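**Q** Here you go, this is start-v1.pdb (PDB, C-alpha atoms).
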ATOM      1  CA  MET A   1       0.000   0.000   0.000
ATOM      2  CA  THR A   2       2.897   2.355   0.660
ATOM      3  CA  GLU A   3       4.270   1.774  -2.843
ATOM      4  CA  TYR A   4       1.020   2.671  -4.500
ATOM      5  CA  GLU A   5       0.987   6.027  -6.252
ATOM      6  CA  TRP A   6      -1.910   7.802  -4.673
ATOM      7  CA  ASN A   7      -3.418  10.982  -5.982
ATOM      8  CA  ASP A   8      -3.437  14.111  -3.891
ATOM      9  CA  THR A   9      -7.038  13.501  -2.820
ATOM     10  CA  ILE A  10      -9.583  10.733  -2.551
ATOM     11  CA  VAL A  11     -13.090  11.473  -3.690
ATOM     12  CA  MET A  12     -15.825   9.646  -1.819
ATOM     13  CA  THR A  13     -19.482   9.708  -2.819
ATOM     14  CA  VAL A  14     -22.208   8.554  -0.462
ATOM     15  CA  THR A  15     -25.649   7.703  -1.794
ATOM     16  CA  GLY A  16     -28.579   7.563   0.570
ATOM     17  CA  ARG A  17     -31.855   5.840  -0.253
ATOM     18  CA  SER A  18     -35.091   5.342   1.603
ATOM     19  CA  ASP A  19     -38.279   3.303   1.118
ATOM     20  CA  ASN A  20     -40.400   6.329   1.772
ATOM     21  CA  ALA A  21     -42.327   7.166  -1.411
ATOM     22  CA  ASN A  22     -42.573  10.846  -0.622
ATOM     23  CA  ILE A  23     -38.774  11.441  -0.813
ATOM     24  CA  THR A  24     -37.798  12.623  -4.242
ATOM     25  CA  GLU A  25     -34.510  14.486  -3.405
ATOM     26  CA  ASN A  26     -31.139  13.175  -4.573
ATOM     27  CA  ASN A  27     -29.150  12.372  -1.376
ATOM     28  CA  THR A  28     -25.739  11.744  -2.935
ATOM     29  CA  PRO A  29     -23.070  13.970  -1.263
ATOM     30  CA  THR A  30     -19.457  13.930  -2.488
ATOM     31  CA  LYS A  31     -16.472  14.538  -0.198
ATOM     32  CA  SER A  32     -12.841  15.136  -1.203
ATOM     33  CA  ILE A  33     -10.308  13.874   1.353
ATOM     34  CA  PRO A  34      -6.553  14.736   1.090
ATOM     35  CA  VAL A  35      -4.170  11.804   1.008
ATOM     36  CA  GLN A  36      -1.342  11.888   3.584
ATOM     37  CA  PHE A  37       1.278   9.282   4.377
ATOM     38  CA  GLU A  38       2.479   8.758   7.906
ATOM     39  CA  ILE A  39       6.243   9.040   8.155
ATOM     40  CA  LYS A  40       8.823   8.728  10.915
ATOM     41  CA  MET A  41      11.988  10.742  11.274
ATOM     42  CA  GLY A  42      14.652  11.192  13.929
ATOM     43  CA  LEU A  43      17.213  13.990  14.311
ATOM     44  CA  THR A  44      20.258  13.391  16.516
ATOM     45  CA  VAL A  45      23.775  14.706  17.093
ATOM     46  CA  ARG A  46      26.364  12.041  16.389
ATOM     47  CA  GLU A  47      29.119  11.106  18.804
ATOM     48  CA  GLY A  48      32.445  12.678  17.958
ATOM     49  CA  THR A  49      30.936  16.114  17.496
ATOM     50  CA  THR A  50      33.025  18.967  18.862
ATOM     51  CA  THR A  51      31.681  20.123  22.223
ATOM     52  CA  TYR A  52      34.599  22.152  23.674
ATOM     53  CA  LEU A  53      37.459  24.290  22.383
ATOM     54  CA  ASN A  54      39.949  26.409  24.304
ATOM     55  CA  PHE A  55      42.471  29.013  23.247
ATOM     56  CA  THR A  56      45.416  30.740  24.919
ATOM     57  CA  ALA A  57      47.649  33.625  23.960
ATOM     58  CA  GLU A  58      50.329  31.092  22.996
ATOM     59  CA  GLU A  59      47.829  28.934  21.038
ATOM     60  CA  ALA A  60      45.640  31.492  19.325
ATOM     61  CA  ALA A  61      45.599  29.832  15.910
ATOM     62  CA  PRO A  62      42.173  28.772  14.503
ATOM     63  CA  LYS A  63      40.943  25.307  15.467
ATOM     64  CA  LYS A  64      38.692  22.959  13.542
ATOM     65  CA  MET A  65      35.093  22.665  14.672
ATOM     66  CA  GLU A  66      32.839  19.858  13.403
ATOM     67  CA  ILE A  67      29.173  19.325  14.228
ATOM     68  CA  ILE A  68      27.600  16.170  12.798
ATOM     69  CA  TYR A  69      23.826  15.804  12.549
ATOM     70  CA  LYS A  70      22.082  12.534  11.700
ATOM     71  CA  ILE A  71      18.680  12.242   9.988
ATOM     72  CA  ASP A  72      17.124   8.787  10.374
ATOM     73  CA  ASN A  73      14.145   7.462   8.461
ATOM     74  CA  PRO A  74      13.038   4.264  10.237
ATOM     75  CA  SER A  75       9.739   4.042   8.351
ATOM     76  CA  PHE A  76       9.011   2.056   5.207
ATOM     77  CA  LYS A  77       8.230   5.097   3.100
ATOM     78  CA  ALA A  78      10.795   7.296   1.341
ATOM     79  CA  PHE A  79       9.924  10.957   1.078
ATOM     80  CA  PRO A  80      11.560  14.154  -0.226
ATOM     81  CA  VAL A  81      13.031  16.627   2.280
ATOM     82  CA  ASN A  82      14.757  19.995   2.324
ATOM     83  CA  VAL A  83      17.502  20.479   4.923
ATOM     84  CA  SER A  84      18.826  23.786   6.217
ATOM     85  CA  LEU A  85      21.469  24.598   8.806
ATOM     86  CA  PHE A  86      21.351  27.791  10.814
ATOM     87  CA  PHE A  87      24.251  29.247  12.854
ATOM     88  CA  PRO A  88      26.023  32.503  13.831
ATOM     89  CA  THR A  89      29.437  33.415  12.487
ATOM     90  CA  GLN A  90      30.388  36.087  15.070
ATOM     91  CA  LEU A  91      29.818  36.249  18.811
ATOM     92  CA  GLU A  92      31.092  38.243  21.782
ATOM     93  CA  HIS A  93      34.796  38.420  22.737
ATOM     94  CA  ASN A  94      35.615  38.742  18.985
ATOM     95  CA  PHE A  95      34.744  35.096  18.354
ATOM     96  CA  GLU A  96      34.528  34.222  14.682
ATOM     97  CA  LEU A  97      33.766  31.128  12.613
ATOM     98  CA  LYS A  98      35.338  31.283   9.188
ATOM     99  CA  ASP A  99      35.722  28.945   6.198
ATOM    100  CA  TYR A 100      32.487  27.211   7.190
ATOM    101  CA  GLN A 101      30.855  24.622   4.951
ATOM    102  CA  VAL A 102      28.393  21.727   5.019
ATOM    103  CA  SER A 103      29.223  18.305   3.679
ATOM    104  CA  VAL A 104      26.652  15.562   3.072
ATOM    105  CA  GLN A 105      27.193  11.835   3.322
ATOM    106  CA  GLN A 106      27.491  10.182  -0.091
ATOM    107  CA  ASN A 107      26.837  13.562  -1.757
ATOM    108  CA  LYS A 108      23.098  13.045  -1.714
ATOM    109  CA  THR A 109      22.505  16.759  -2.174
ATOM    110  CA  GLN A 110      24.262  20.055  -2.724
ATOM    111  CA  CYS A 111      24.212  22.857  -0.153
ATOM    112  CA  ARG A 112      24.711  26.577  -0.645
ATOM    113  CA  ILE A 113      25.263  29.501   1.687
ATOM    114  CA  THR A 114      22.587  32.161   1.935
ATOM    115  CA  ASP A 115      22.477  35.327   3.995
ATOM    116  CA  LEU A 116      19.737  35.557   6.572
ATOM    117  CA  LYS A 117      17.449  38.516   6.066
ATOM    118  CA  ALA A 118      17.475  41.208   8.725
ATOM    119  CA  ASP A 119      13.722  40.924   9.314
ATOM    120  CA  HIS A 120      14.145  37.418  10.736
ATOM    121  CA  CYS A 121      16.918  38.050  13.245
ATOM    122  CA  SER A 122      19.138  40.793  14.545
ATOM    123  CA  ALA A 123      21.612  41.857  11.891
ATOM    124  CA  ASP A 124      24.323  42.391  14.535
ATOM    125  CA  LEU A 125      24.567  38.653  15.236
ATOM    126  CA  HIS A 126      25.733  37.729  11.682
ATOM    127  CA  TRP A 127      23.575  34.643  11.315
ATOM    128  CA  LYS A 128      23.956  32.380   8.292
ATOM    129  CA  ILE A 129      21.768  29.766   6.648
ATOM    130  CA  ILE A 130      23.110  26.934   4.528
ATOM    131  CA  ALA A 131      20.238  25.487   2.511
ATOM    132  CA  CYS A 132      20.451  22.155   0.732
ATOM    133  CA  ASP A 133      18.570  21.064  -2.366
ATOM    134  CA  THR A 134      15.645  18.690  -2.129
ATOM    135  CA  PHE A 135      16.611  15.010  -1.971
ATOM    136  CA  ILE A 136      14.887  11.710  -1.220
ATOM    137  CA  LEU A 137      15.297  10.418   2.308
ATOM    138  CA  ASP A 138      15.296   6.697   1.653
ATOM    139  CA  LYS A 139      13.398   4.308   3.859
ATOM    140  CA  ALA A 140      15.323   2.662   6.722
ATOM    141  CA  SER A 141      18.324   4.873   6.024
ATOM    142  CA  THR A 142      20.527   7.448   7.759
ATOM    143  CA  THR A 143      21.952  10.616   6.263
ATOM    144  CA  GLU A 144      24.664  12.711   7.929
ATOM    145  CA  PHE A 145      25.247  16.455   7.583
ATOM    146  CA  THR A 146      28.548  17.846   8.842
ATOM    147  CA  LEU A 147      28.931  21.538   9.627
ATOM    148  CA  SER A 148      32.625  22.401   9.793
ATOM    149  CA  GLY A 149      34.652  25.578  10.093
ATOM    150  CA  ASP A 150      37.661  27.251  11.667
ATOM    151  CA  ALA A 151      36.884  28.834  15.038
ATOM    152  CA  HIS A 152      39.088  31.441  16.689
ATOM    153  CA  PHE A 153      39.139  34.657  18.723
ATOM    154  CA  ARG A 154      40.294  37.585  16.649
ATOM    155  CA  ASP A 155      43.347  39.502  17.920
ATOM    156  CA  LEU A 156      43.729  37.309  20.999
ATOM    157  CA  LYS A 157      47.487  37.885  21.177
ATOM    158  CA  LYS A 158      46.986  41.630  20.880
ATOM    159  CA  HIS A 159      44.367  41.505  23.606
ATOM    160  CA  ALA A 160      46.806  39.635  25.867
ATOM    161  CA  GLU A 161      49.522  42.252  25.246
ATOM    162  CA  ASN A 162      47.221  45.196  25.995
ATOM    163  CA  ILE A 163      45.534  43.665  29.011
ATOM    164  CA  ALA A 164      45.054  45.793  32.131
ATOM    165  CA  LEU A 165      47.861  45.841  34.698
ATOM    166  CA  LEU A 166      45.855  44.123  37.426
ATOM    167  CA  LYS A 167      44.812  41.301  35.102
ATOM    168  CA  ARG A 168      48.466  40.675  34.305
ATOM    169  CA  TYR A 169      48.718  39.302  37.849
ATOM    170  CA  THR A 170      45.339  37.507  37.987
ATOM    171  CA  GLY A 171      44.942  36.438  34.363
ATOM    172  CA  ASP A 172      41.836  36.754  32.193
ATOM    173  CA  SER A 173      39.308  34.445  30.530
ATOM    174  CA  GLY A 174      36.151  34.531  28.460
ATOM    175  CA  GLU A 175      33.605  32.074  27.115
ATOM    176  CA  VAL A 176      31.064  31.882  24.319
ATOM    177  CA  LYS A 177      28.447  29.258  23.516
ATOM    178  CA  PHE A 178      28.203  28.515  19.831
ATOM    179  CA  LYS A 179      24.759  27.145  18.954
ATOM    180  CA  SER A 180      23.852  25.688  15.590
ATOM    181  CA  PHE A 181      20.529  24.324  14.362
ATOM    182  CA  ILE A 182      19.348  21.922  11.699
ATOM    183  CA  GLY A 183      15.826  21.842  10.314
ATOM    184  CA  VAL A 184      14.061  19.473   7.970
ATOM    185  CA  GLU A 185      11.175  20.519   5.729
ATOM    186  CA  PHE A 186       8.830  18.183   3.899
ATOM    187  CA  ASP A 187       5.538  18.473   2.044
ATOM    188  CA  ARG A 188       2.997  18.604   4.822
ATOM    189  CA  ARG A 189       0.127  18.183   2.384
ATOM    190  CA  HIS A 190       1.182  14.632   1.537
ATOM    191  CA  TYR A 191       3.065  13.532   4.659
ATOM    192  CA  VAL A 192       2.357  13.695   8.344
ATOM    193  CA  LEU A 193       4.933  12.986  11.016
ATOM    194  CA  ASP A 194       3.824  10.254  13.436
ATOM    195  CA  SER A 195       0.124  11.047  13.020
ATOM    196  CA  ARG A 196       0.921  14.554  14.194
ATOM    197  CA  LYS A 197      -1.563  17.257  13.317
ATOM    198  CA  GLN A 198      -0.426  19.900  10.913
ATOM    199  CA  GLU A 199       0.135  22.922  13.115
ATOM    200  CA  ARG A 200       1.976  24.945  10.501
ATOM    201  CA  LYS A 201       1.684  25.301   6.742
ATOM    202  CA  ASP A 202       4.713  27.454   5.959
ATOM    203  CA  GLY A 203       7.613  25.072   6.493
ATOM    204  CA  PHE A 204       9.858  24.297   9.442
ATOM    205  CA  MET A 205      11.416  27.688  10.104
ATOM    206  CA  GLU A 206       9.212  29.202  12.749
ATOM    207  CA  THR A 207      11.828  31.389  14.376
ATOM    208  CA  SER A 208      11.753  33.970  17.106
ATOM    209  CA  HIS A 209      12.571  37.494  15.938
ATOM    210  CA  LYS A 210      14.718  38.026  19.042
ATOM    211  CA  THR A 211      16.555  34.756  19.553
ATOM    212  CA  CYS A 212      16.411  33.124  16.079
ATOM    213  CA  SER A 213      15.681  29.749  17.642
ATOM    214  CA  TRP A 214      13.175  27.003  17.034
ATOM    215  CA  LYS A 215      10.726  25.546  19.472
ATOM    216  CA  ASP A 216      12.230  22.873  21.685
ATOM    217  CA  ASN A 217       9.368  20.443  21.068
ATOM    218  CA  ASP A 218       9.651  20.633  17.283
ATOM    219  CA  PRO A 219      10.618  17.156  15.975
ATOM    220  CA  THR A 220      11.794  18.653  12.677
ATOM    221  CA  MET A 221      14.710  20.498  14.292
ATOM    222  CA  LYS A 222      17.784  19.788  16.414
ATOM    223  CA  TRP A 223      20.437  22.012  17.931
ATOM    224  CA  SER A 224      23.960  21.519  19.204
ATOM    225  CA  GLU A 225      26.124  23.644  21.486
ATOM    226  CA  VAL A 226      29.899  24.066  21.528
ATOM    227  CA  ARG A 227      31.540  25.784  24.490
ATOM    228  CA  VAL A 228      34.504  27.891  23.369
ATOM    229  CA  GLU A 229      36.713  29.776  25.824
ATOM    230  CA  PHE A 230      39.999  31.637  25.917
ATOM    231  CA  ILE A 231      42.405  31.732  28.862
ATOM    232  CA  ILE A 232      45.169  34.285  29.456
ATOM    233  CA  ILE A 233      47.489  32.995  32.168
ATOM    234  CA  PRO A 234      49.134  35.390  34.668
ATOM    235  CA  ASN A 235      52.533  36.859  33.776
ATOM    236  CA  GLN A 236      54.881  34.760  35.916
ATOM    237  CA  LEU A 237      57.981  36.871  35.204
ATOM    238  CA  LEU A 238      56.157  40.027  36.243
ATOM    239  CA  ILE A 239      54.960  38.369  39.452
ATOM    240  CA  ILE A 240      58.512  37.212  40.329
ATOM    241  CA  LEU A 241      60.087  40.609  39.623
ATOM    242  CA  THR A 242      57.397  42.381  41.622
ATOM    243  CA  GLY A 243      57.948  40.040  44.568
ATOM    244  CA  VAL A 244      61.709  40.546  44.491
ATOM    245  CA  GLY A 245      61.349  44.323  44.234
ATOM    246  CA  LEU A 246      58.890  44.542  47.120
ATOM    247  CA  GLY A 247      61.122  42.289  49.228
ATOM    248  CA  LEU A 248      64.168  44.480  48.629
ATOM    249  CA  LEU A 249      62.136  47.612  49.378
ATOM    250  CA  PHE A 250      60.925  46.119  52.659
ATOM    251  CA  LEU A 251      64.496  45.141  53.582
ATOM    252  CA  ILE A 252      65.791  48.670  52.883
ATOM    253  CA  ILE A 253      63.038  50.291  54.946
ATOM    254  CA  THR A 254      63.680  47.902  57.853
ATOM    255  CA  THR A 255      67.435  48.590  57.747
ATOM    256  CA  ILE A 256      66.905  52.357  57.800
ATOM    257  CA  ILE A 257      64.580  52.113  60.802
ATOM    258  CA  MET A 258      67.072  49.961  62.729
ATOM    259  CA  CYS A 259      69.877  52.402  61.958
ATOM    260  CA  LYS A 260      67.771  55.276  63.226
ATOM    261  CA  LEU A 261      67.214  53.346  66.457
ATOM    262  CA  GLY A 262      70.965  52.732  66.855
ATOM    263  CA  CYS A 263      70.830  48.975  66.509
ATOM    264  CA  PHE A 264      74.039  48.890  64.459
ATOM    265  CA  LYS A 265      76.065  51.470  66.556
ATOM    266  CA  ARG A 266      79.121  49.971  68.416
ATOM    267  CA  LYS A 267      81.067  51.525  71.417
ATOM    268  CA  THR A 268      84.826  52.266  71.257
ATOM    269  CA  PHE A 269      87.381  51.147  73.858
ATOM    270  CA  TYR A 270      87.557  54.585  75.542
ATOM    271  CA  GLU A 271      83.782  54.825  75.660
ATOM    272  CA  GLU A 272      83.633  51.443  77.401
ATOM    273  CA  GLU A 273      86.245  52.573  80.031
ATOM    274  CA  GLU A 274      84.339  55.766  80.685
ATOM    275  CA  THR A 275      81.128  53.806  81.058
ATOM    276  CA  ASP A 276      82.752  51.385  83.542
ATOM    277  CA  ALA A 277      84.161  54.276  85.595
ATOM    278  CA  VAL A 278      80.781  55.951  85.769
ATOM    279  CA  LEU A 279      79.157  52.727  86.848
ATOM    280  CA  GLN A 280      81.746  52.105  89.586
ATOM    281  CA  ALA A 281      81.352  55.648  90.867
ATOM    282  CA  ASP A 282      77.597  55.345  91.019
ATOM    283  CA  THR A 283      77.559  51.839  92.617
ATOM    284  CA  PRO A 284      80.770  51.310  94.781
ATOM    285  CA  TYR A 285      79.546  48.122  96.411
ATOM    286  CA  GLU A 286      78.263  46.534  93.355
ATOM    287  CA  PHE A 287      81.359  44.326  93.090
ATOM    288  CA  ALA A 288      80.258  42.480  96.262
ATOM    289  CA  PHE A 289      77.340  41.072  94.351
ATOM    290  CA  ASP A 290      79.371  40.125  91.362
ATOM    291  CA  PRO A 291      79.398  36.307  91.158
ATOM    292  CA  ILE A 292      83.018  36.249  89.999
ATOM    293  CA  VAL A 293      84.231  38.401  92.896
ATOM    294  CA  VAL A 294      82.231  36.373  95.408
ATOM    295  CA  SER A 295      83.667  33.112  94.146
ATOM    296  CA  GLN A 296      87.220  34.498  94.356
ATOM    297  CA  LEU A 297      86.681  35.641  97.974
ATOM    298  CA  GLU A 298      85.308  32.242  98.970
ATOM    299  CA  THR A 299      88.365  30.560  97.440
ATOM    300  CA  GLU A 300      90.748  32.805  99.384
ATOM    301  CA  VAL A 301      88.904  32.194 102.673
ATOM    302  CA  LYS A 302      89.012  28.450 102.176
ATOM    303  CA  SER A 303      92.704  28.533 101.336
ATOM    304  CA  ASP A 304      93.507  30.512 104.579
ATOM    305  CA  GLN A 305      91.656  28.208 106.993
ATOM    306  CA  PRO A 306      93.985  25.123 106.838
ATOM    307  CA  GLU A 307      97.083  27.189 107.648
ATOM    308  CA  GLU A 308      95.517  28.605 110.849
ATOM    309  CA  LYS A 309      94.366  25.149 111.928
ATOM    310  CA  SER A 310      97.827  23.661 111.348
ATOM    311  CA  LEU A 311      99.423  26.402 113.461
ATOM    312  CA  LEU A 312      97.035  25.740 116.286
ATOM    313  CA  VAL A 313      97.744  22.022 116.116
ATOM    314  CA  ASP A 314     101.520  22.598 116.229
ATOM    315  CA  ASP A 315     101.252  24.889 119.243
ATOM    316  CA  GLU A 316      99.165  22.379 121.116
ATOM    317  CA  ALA A 317     101.605  19.605 120.322
ATOM    318  CA  ASN A 318     104.586  21.629 121.519
ATOM    319  CA  GLY A 319     102.828  22.495 124.744
ATOM    320  CA  SER A 320     102.001  18.918 125.557
ATOM    321  CA  ILE A 321     105.597  17.812 124.978
ATOM    322  CA  ALA A 322     106.975  20.517 127.298
ATOM    323  CA  ALA A 323     104.580  19.519 130.064
ATOM    324  CA  ALA A 324     105.600  15.913 129.777
ATOM    325  CA  ASP A 325     109.235  16.802 130.083
ATOM    326  CA  GLU A 326     108.615  18.764 133.226
ATOM    327  CA  GLU A 327     106.816  15.832 134.847
ATOM    328  CA  GLU A 328     109.429  13.241 134.007
ATOM    329  CA  GLY A 329     112.423  15.488 134.647
ATOM    330  CA  PRO A 330     113.317  14.470 138.308
ATOM    331  CA  GLU A 331     113.083  10.719 137.644
ATOM    332  CA  TYR A 332     115.416  10.645 134.670
ATOM    333  CA  THR A 333     117.976  13.159 135.958
ATOM    334  CA  LYS A 334     121.388  11.588 136.036
ATOM    335  CA  VAL A 335     124.222  12.709 138.267
ATOM    336  CA  ILE A 336     127.549  12.700 136.570
TER
END
Any chance you could give the structure as structure tokens?
**A**
Amino acid sequence: MTEYEWNDTIVMTVTGRSDNANITENNTPTKSIPVQFEIKMGLTVREGTTTYLNFTAEEAAPKKMEIIYKIDNPSFKAFPVNVSLFFPTQLEHNFELKDYQVSVQQNKTQCRITDLKADHCSADLHWKIIACDTFILDKASTTEFTLSGDAHFRDLKKHAENIALLKRYTGDSGEVKFKSFIGVEFDRRHYVLDSRKQERKDGFMETSHKTCSWKDNDPTMKWSEVRVEFIIIPNQLLIILTGVGLGLLFLIITTIIMCKLGCFKRKTFYEEEETDAVLQADTPYEFAFDPIVVSQLETEVKSDQPEEKSLLVDDEANGSIAAADEEEGPEYTKVI
């Protein structure tokens, strides 16, 4: 039944009859019904699509960005479609996508770049549309569309050289979110998507005049987002030189303060003698409390005590001997 070539409409005629003899009117109404085929279609973003890019002042060269969309037709009916891709070419922070193009798997169709009219979106955003010619989306097949281009931030090195002084110590960064869309258009008079009622009659591009975006619940569109950022690292040499300079300045200031306070002033030999004389004149008995003098006095006292004791012992011994001689004298006296 799906391979049968149906006309655009089916004409149905209904004839009504009755056994009543009084009815003479012709009750044969005719109704024209449009013919529509139910189709199925899926839009997805294939794995391997670019989702993140980063740039630095040292690596500011353009980088390749690839976004791969897949259109699946799981139904048993082939149908013609028109495919368009919608994306911005310039964003904030001087982001730019250049040398962009769309390639189609197996060259099923040819795509061309068209400028988006200003009445659809803001002209300052530099939106682009790449529209592809009509082709047959075969049954039980998959077709891939690849949006590619060179992404970069214009004058990133110049921006890093002219950055503010404070940001030379802290670094700088910025980020943009690159969003692209794909939309599929088919003849809604002959085909209906999953028994879905025809809500629109003017194709798939029902865009917002402010955001240029499709409705999220539209099964005929899909979008992808790539996060792109640039990073300017802090100037390490400047940080080191600033630290060394501030350290030397702090050391010089500290040295000057200590010199003013006399921390580095030394006394001469004559000044020391004059100071000692003044101290002795002011405190004449201070030497008695000097530990060195006290220890010397104790040593002299101890050294004098044994001599006195020995003298006393000798005197006592001599006295006892003389007394003994006097007692024994008469007994041992010899007469010659």
**Q** Have a look at A:Ile68, A:Ile10, A:Ile33, A:Leu97 and name the one nearest to Glu47 in chain A; count only C-alpha atoms.
**A**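 Closest to Glu47 in chain A, using only C-alpha atoms: A:Ile68.
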**Q** Name the residues in contact with Phe178 in chain A at a cut-off of 7 Å, using only C-alpha atoms, excluding same-chain residues fewer than 6 positions from it; report them as a list in words.
**A** Glu225, Val226 and Arg227 of chain A
**Q** Measuring between all atoms listed in the file, which one of A:Arg189, A:Lys98, A:Lys40, A:Arg266 shows the shortest distance to Met65 in chain A?
**A**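 Using all atoms listed in the file, Met65 in chain A sits closest to A:Lys98.
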**Q** Could you tell me which residues the PyMOL selection byres ((chain A and resi 134) around 7) grabs in this file, written as number ranges by chain?
**A** A: 80-82, 132-133, 135
**Q** Would you translate the PyMOL selection byres ((chain A and resi 69) around 6) into the concrete set of residues it matches in this file, as a list in words?
**A**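 Given this file, the PyMOL selection byres ((chain A and resi 69) around 6) evaluates to Thr44, Val45, Arg46, Ile68, Lys70, Glu144 and Phe145 of chain A.
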**Q** Evaluate the PyMOL selection byres ((chain A and resi 90) around 12) on the structure here and hand back the selected residues as a ChimeraX atom specification.
**A** /A:87-89,91-98,123-128,150-154,176-179
**Q** Take the selection from the previous step and output its residues with C-alpha atoms, as a short mmCIF file (atom, residue, chain, number, x, y, z; two decimals), in the coordinates of the input.
**A**
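After the write, again_14.cif holds the following:
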data_model
loop_
_atom_site.label_atom_id
_atom_site.label_comp_id
_atom_site.auth_asym_id
_atom_site.auth_seq_id
_atom_site.Cartn_x
_atom_site.Cartn_y
_atom_site.Cartn_z
CA PHE A 87 24.25 29.25 12.85
CA PRO A 88 26.02 32.50 13.83
CA THR A 89 29.44 33.42 12.49
CA LEU A 91 29.82 36.25 18.81
CA GLU A 92 31.09 38.24 21.78
CA HIS A 93 34.80 38.42 22.74
CA ASN A 94 35.62 38.74 18.98
CA PHE A 95 34.74 35.10 18.35
CA GLU A 96 34.53 34.22 14.68
CA LEU A 97 33.77 31.13 12.61
CA LYS A 98 35.34 31.28 9.19
CA ALA A 123 21.61 41.86 11.89
CA ASP A 124 24.32 42.39 14.54
CA LEU A 125 24.57 38.65 15.24
CA HIS A 126 25.73 37.73 11.68
CA TRP A 127 23.58 34.64 11.32
CA LYS A 128 23.96 32.38 8.29
CA ASP A 150 37.66 27.25 11.67
CA ALA A 151 36.88 28.83 15.04
CA HIS A 152 39.09 31.44 16.69
CA PHE A 153 39.14 34.66 18.72
CA ARG A 154 40.29 37.58 16.65
CA VAL A 176 31.06 31.88 24.32
CA LYS A 177 28.45 29.26 23.52
CA PHE A 178 28.20 28.52 19.83
CA LYS A 179 24.76 27.14 18.95
#
**Q** Return as JSON the box centre and box size in Å, one decimal, for an axis-aligned box around all listed atoms of range 94-100 of chain A padded by 5 Å per side.
**A**
{"center_x": 34.1, "center_y": 33.0, "center_z": 12.6, "size_x": 13.2, "size_y": 21.5, "size_z": 22.8}
**Q** Kindly indicate which residue among A:Ile256, A:Ala61, A:Ile231, A:Ile113 lies nearest to Gly171 in chain A, using only C-alpha atoms for the distances.
**A**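 The shortest atom-to-atom distance to Gly171 in chain A comes from A:Ile231.
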**Q** Pick the closest to Ile39 in chain A from A:His159, A:Lys139, A:Lys222, A:Lys260: which is it, counting only C-alpha atoms?
**A**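 For Ile39 in chain A, the nearest of the given residues is A:Lys139.
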**Q** How would range 104-108 of chain A look written as an mmCIF file, in the first residue's frame with all heavy atoms?
**A**
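Saved as decode-v4.cif:
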data_model
loop_
_atom_site.group_PDB
_atom_site.id
_atom_site.type_symbol
_atom_site.label_atom_id
_atom_site.label_comp_id
_atom_site.auth_asym_id
_atom_site.auth_seq_id
_atom_site.Cartn_x
_atom_site.Cartn_y
_atom_site.Cartn_z
ATOM 1 N N VAL A 104 27.738 16.537 2.954
ATOM 2 C CA VAL A 104 26.652 15.562 3.072
ATOM 3 C C VAL A 104 27.198 14.183 2.753
ATOM 4 O O VAL A 104 28.009 14.013 1.827
ATOM 5 C CB VAL A 104 25.481 15.903 2.124
ATOM 6 C CG1 VAL A 104 24.294 14.975 2.379
ATOM 7 C CG2 VAL A 104 25.065 17.353 2.284
ATOM 8 N N GLN A 105 26.746 13.213 3.527
ATOM 9 C CA GLN A 105 27.193 11.835 3.322
ATOM 10 C C GLN A 105 26.764 11.344 1.945
ATOM 11 O O GLN A 105 25.605 11.509 1.544
ATOM 12 C CB GLN A 105 26.603 10.948 4.414
ATOM 13 C CG GLN A 105 27.048 9.502 4.351
ATOM 14 C CD GLN A 105 26.339 8.656 5.400
ATOM 15 O OE1 GLN A 105 25.290 9.048 5.896
ATOM 16 N NE2 GLN A 105 26.915 7.521 5.720
ATOM 17 N N GLN A 106 27.707 10.764 1.230
ATOM 18 C CA GLN A 106 27.491 10.182 -0.091
ATOM 19 C C GLN A 106 26.990 11.215 -1.110
ATOM 20 O O GLN A 106 26.428 10.854 -2.149
ATOM 21 C CB GLN A 106 26.491 9.016 -0.015
ATOM 22 C CG GLN A 106 26.977 7.862 0.847
ATOM 23 C CD GLN A 106 25.955 6.766 0.987
ATOM 24 O OE1 GLN A 106 24.825 6.875 0.478
ATOM 25 N NE2 GLN A 106 26.322 5.685 1.659
ATOM 26 N N ASN A 107 27.206 12.496 -0.807
ATOM 27 C CA ASN A 107 26.837 13.562 -1.757
ATOM 28 C C ASN A 107 25.400 13.424 -2.256
ATOM 29 O O ASN A 107 25.109 13.539 -3.460
ATOM 30 C CB ASN A 107 27.801 13.559 -2.956
ATOM 31 C CG ASN A 107 29.219 13.918 -2.541
ATOM 32 O OD1 ASN A 107 29.421 14.742 -1.641
ATOM 33 N ND2 ASN A 107 30.193 13.303 -3.207
ATOM 34 N N LYS A 108 24.502 13.203 -1.327
ATOM 35 C CA LYS A 108 23.098 13.045 -1.714
ATOM 36 C C LYS A 108 22.470 14.343 -2.189
ATOM 37 O O LYS A 108 21.472 14.334 -2.906
ATOM 38 C CB LYS A 108 22.298 12.504 -0.523
ATOM 39 C CG LYS A 108 22.628 11.051 -0.184
ATOM 40 C CD LYS A 108 21.730 10.550 0.929
ATOM 41 C CE LYS A 108 22.017 9.078 1.226
ATOM 42 N NZ LYS A 108 21.121 8.556 2.282
#
